[in-house]
Amino acid sequence: MSELRNQRILASMRTKKEINTPMSARDHGGNLDAAIAQFGGARETWLDLSTGINPTAYPLPVLPAQSWTALPDRGALDRLLLAARSFWNVPDHLGIIAVSGASAAIAHIPLLQTPGRVAIPGPTYNEHAASFAAAGWEVIHDSGDFSASVHVHPNNPDGRIWQAGDISGTLRIIDESFCDVMPEGSLIAEADVPGTLVLKSFGKFWGLAGVRLGFVIGDKVLLGKLADMLGPWSVAGPALHIGAIALNDTGWAERTRQRLQTDADRLDALMTGQGAKLLGGTTLFRLYEVPSALDWQNNLARHHIWSRVFPYNARWLRLGLPHGDGWQRLGAAFT
């Protein structure tokens with residue numbers, strides 16, 4: 001009990017530290033309120049391309065009333081985890097837990113091991129470094145001695161693909177939040193190595209970020225500790241039902257992968273036709289090099305289209321996929 005109490009105290013301390021963390025170090029897409037404050041308009045008039053969320057979300061099923069009114073039940077959780085094991089081909093000897101979005105796991109994973117040095121090759125999704133640093137770890141971005149490592153696979157924002165030989169450390173985190181567009185490239189097999197945790201995000205590929213659902217796969221001992229930190233009922237009842245139905249719909253997943261590839265190719269053609277250079281990405285987001293990313297962002301924002309720029313590279317512009325009349329709006333912004 002004393003160990004768990006200490007972990008919760010550390011989590012509280014980490015939360016207090018986050019309040020003082022400069023926003024420039026933890027910038028995110030989806031910050032549409034900032035765009036509206038600067039360029040005007042209402043939220044519903046904006047085309048938000050600043051995230052990598054599938055713009056054509058999985059259709060919401062009809063939910064039983066009890067999913068809203070009762071505490072999440074064990075049967076619904078078991079059905080969700082069974083669907084997740086089947087979808088990602090997770091063998092029985094590996095652990096799997098559901099979490100309230102991958103971010104919930106990211107915030108607590110640094111507490112699983114005594115702080116040391118963690119290697120996080122960058123540039124990459126900045127929440128990993130922020131969480132490890134807040135928990136007392138020294139974050140390094142290059143080679144050297146370290147006890148933990150984090151690899152975002154494929155990487156955000158450039159889409160870099162990692163290999164099994166790249167993964168090392170006694171605590172090994174593989175963030176596959178965007179890997180469902182390329183399941184053949186998954187490194188879940190690495191979860192057989194003790195100390196390994198693989199993260200999965202439901203919100204990105206299925207386009208239901210508001211459901212707040214994610215999964216962690218791997219070392220059963222570490223997952224037991226992580227589950228204790230998160231406490232009971234860590235996933236809401238509606239999320240349990242939506243997730244189970246969506247994960248069992250493999251036909252939708254395959255059709256979606258094909259559509260995303262078509263749309264990513266269409267976006268590349270549009271942007272390179274305007275002089276942007278494709279640098280990488282996934283079929284959920286594309287990274288381009290432009291003369292001035294801020295100028296391009298501001299121009300698009302005047303048309304109420306929001307994009308993503310990065311504080312560490314003035315020439316990088318990232319766009320998610322438009323949908324519906326968003327294609328016409330994006331093309332018109334360049335005329």
# chains A, B, ... in the order shown; residues from 1 in each chain; ligands from 1
$ residues_around --residues "segment 246-253 of chain A" --least-positions-apart "4" --cutoff "10 Å" --atoms "only C-alpha atoms" --output "NGL selection string"
:A and (58-61 or 80-88 or 180-181 or 202 or 205-206 or 241-242 or 257-259)
$ select_by_dssp --residues "segment 140-268 of chain A" --states "strand (DSSP E)" --output "PyMOL selection string"
chain A and resi 140+148-152+171-175+196-201+214-218
$ residues_around --residues "segment 305-319 of chain A" --least-positions-apart "4" --cutoff "6 Å" --atoms "only C-alpha atoms" --output "PDB file with C-alpha atoms, in the first residue's frame"
ATOM      1  CA  GLY A  29      -2.884  20.183 -32.769  1.00  0.00           C
ATOM      2  CA  TRP A  46     -13.627  26.205 -39.149  1.00  0.00           C
ATOM      3  CA  LEU A  47     -11.991  23.306 -40.979  1.00  0.00           C
ATOM      4  CA  ASP A  48      -9.577  21.820 -38.447  1.00  0.00           C
ATOM      5  CA  LEU A  49      -6.689  20.068 -40.203  1.00  0.00           C
ATOM      6  CA  SER A  50      -4.305  20.461 -37.278  1.00  0.00           C
ATOM      7  CA  PHE A 285      -1.543  13.273 -41.534  1.00  0.00           C
ATOM      8  CA  ARG A 286       1.021  14.628 -43.971  1.00  0.00           C
ATOM      9  CA  LEU A 287       4.154  16.666 -43.255  1.00  0.00           C
ATOM     10  CA  TYR A 288       5.297  19.256 -45.800  1.00  0.00           C
ATOM     11  CA  GLU A 289       8.228  21.620 -46.116  1.00  0.00           C
ATOM     12  CA  VAL A 290       7.326  25.159 -47.143  1.00  0.00           C
ATOM     13  CA  PRO A 291       9.298  28.438 -47.211  1.00  0.00           C
ATOM     14  CA  SER A 292       7.535  29.709 -44.072  1.00  0.00           C
ATOM     15  CA  ALA A 293       5.163  27.444 -42.194  1.00  0.00           C
ATOM     16  CA  GLN A 297      -0.694  28.709 -41.536  1.00  0.00           C
ATOM     17  CA  LEU A 300      -5.045  29.175 -44.388  1.00  0.00           C
ATOM     18  CA  ALA A 301      -6.362  30.578 -41.101  1.00  0.00           C
TER      19      ALA A 301
END
$ closest_residue --among "A:Gln38, A:Gln261, A:Asn126, A:Ser186" --to "Ala164 of chain A" --atoms "only C-alpha atoms"
A:Ser186
$ atom_distance --atom1 "atom CA of Pro91 of chain A" --atom2 "atom CA of Ser177 of chain A"
19.6 Å
$ closest_residue --among "A:Ala191, A:Asn298, A:Gly203, A:Arg329" --to "Leu94 of chain A" --atoms "only C-alpha atoms"
A:Ala191
$ closest_atom_pairs --of "segment 130-158 of chain A" --to "segment 109-116 of chain A" --cutoff "8 Å" --atoms "only C-alpha atoms" --output "tab-separated table"
residue	atom	partner	partner_atom	distance
A:Ser131	CA	A:Pro110	CA	6.8
A:Phe132	CA	A:Pro110	CA	5.3
A:Ala135	CA	A:Pro110	CA	6.3
A:Gly136	CA	A:Pro115	CA	5.8
A:Trp137	CA	A:Pro115	CA	4.8
A:Glu138	CA	A:Gly116	CA	6.2
A:Phe146	CA	A:Gly116	CA	7.0
A:Ser147	CA	A:Gly116	CA	6.4
A:Ala148	CA	A:Gly116	CA	7.8
$ residues_around --residues "segment 209-224 of chain A" --least-positions-apart "6" --cutoff "9 Å" --atoms "only C-alpha atoms" --output "count of residues only"
42
$ closest_residue --among "A:Met182, A:Met271, A:Ala130, A:Leu187" --to "Glu254 of chain A" --atoms "only C-alpha atoms"
A:Met182
$ atom_distance --atom1 "atom CA of Leu208 of chain A" --atom2 "atom CA of Thr56 of chain A"
9.3 Å
$ residues_around --residues "Leu284 of chain A" --least-positions-apart "4" --cutoff "7 Å" --atoms "only C-alpha atoms" --output "PyMOL selection string"
chain A and resi 52-54+260+320-321
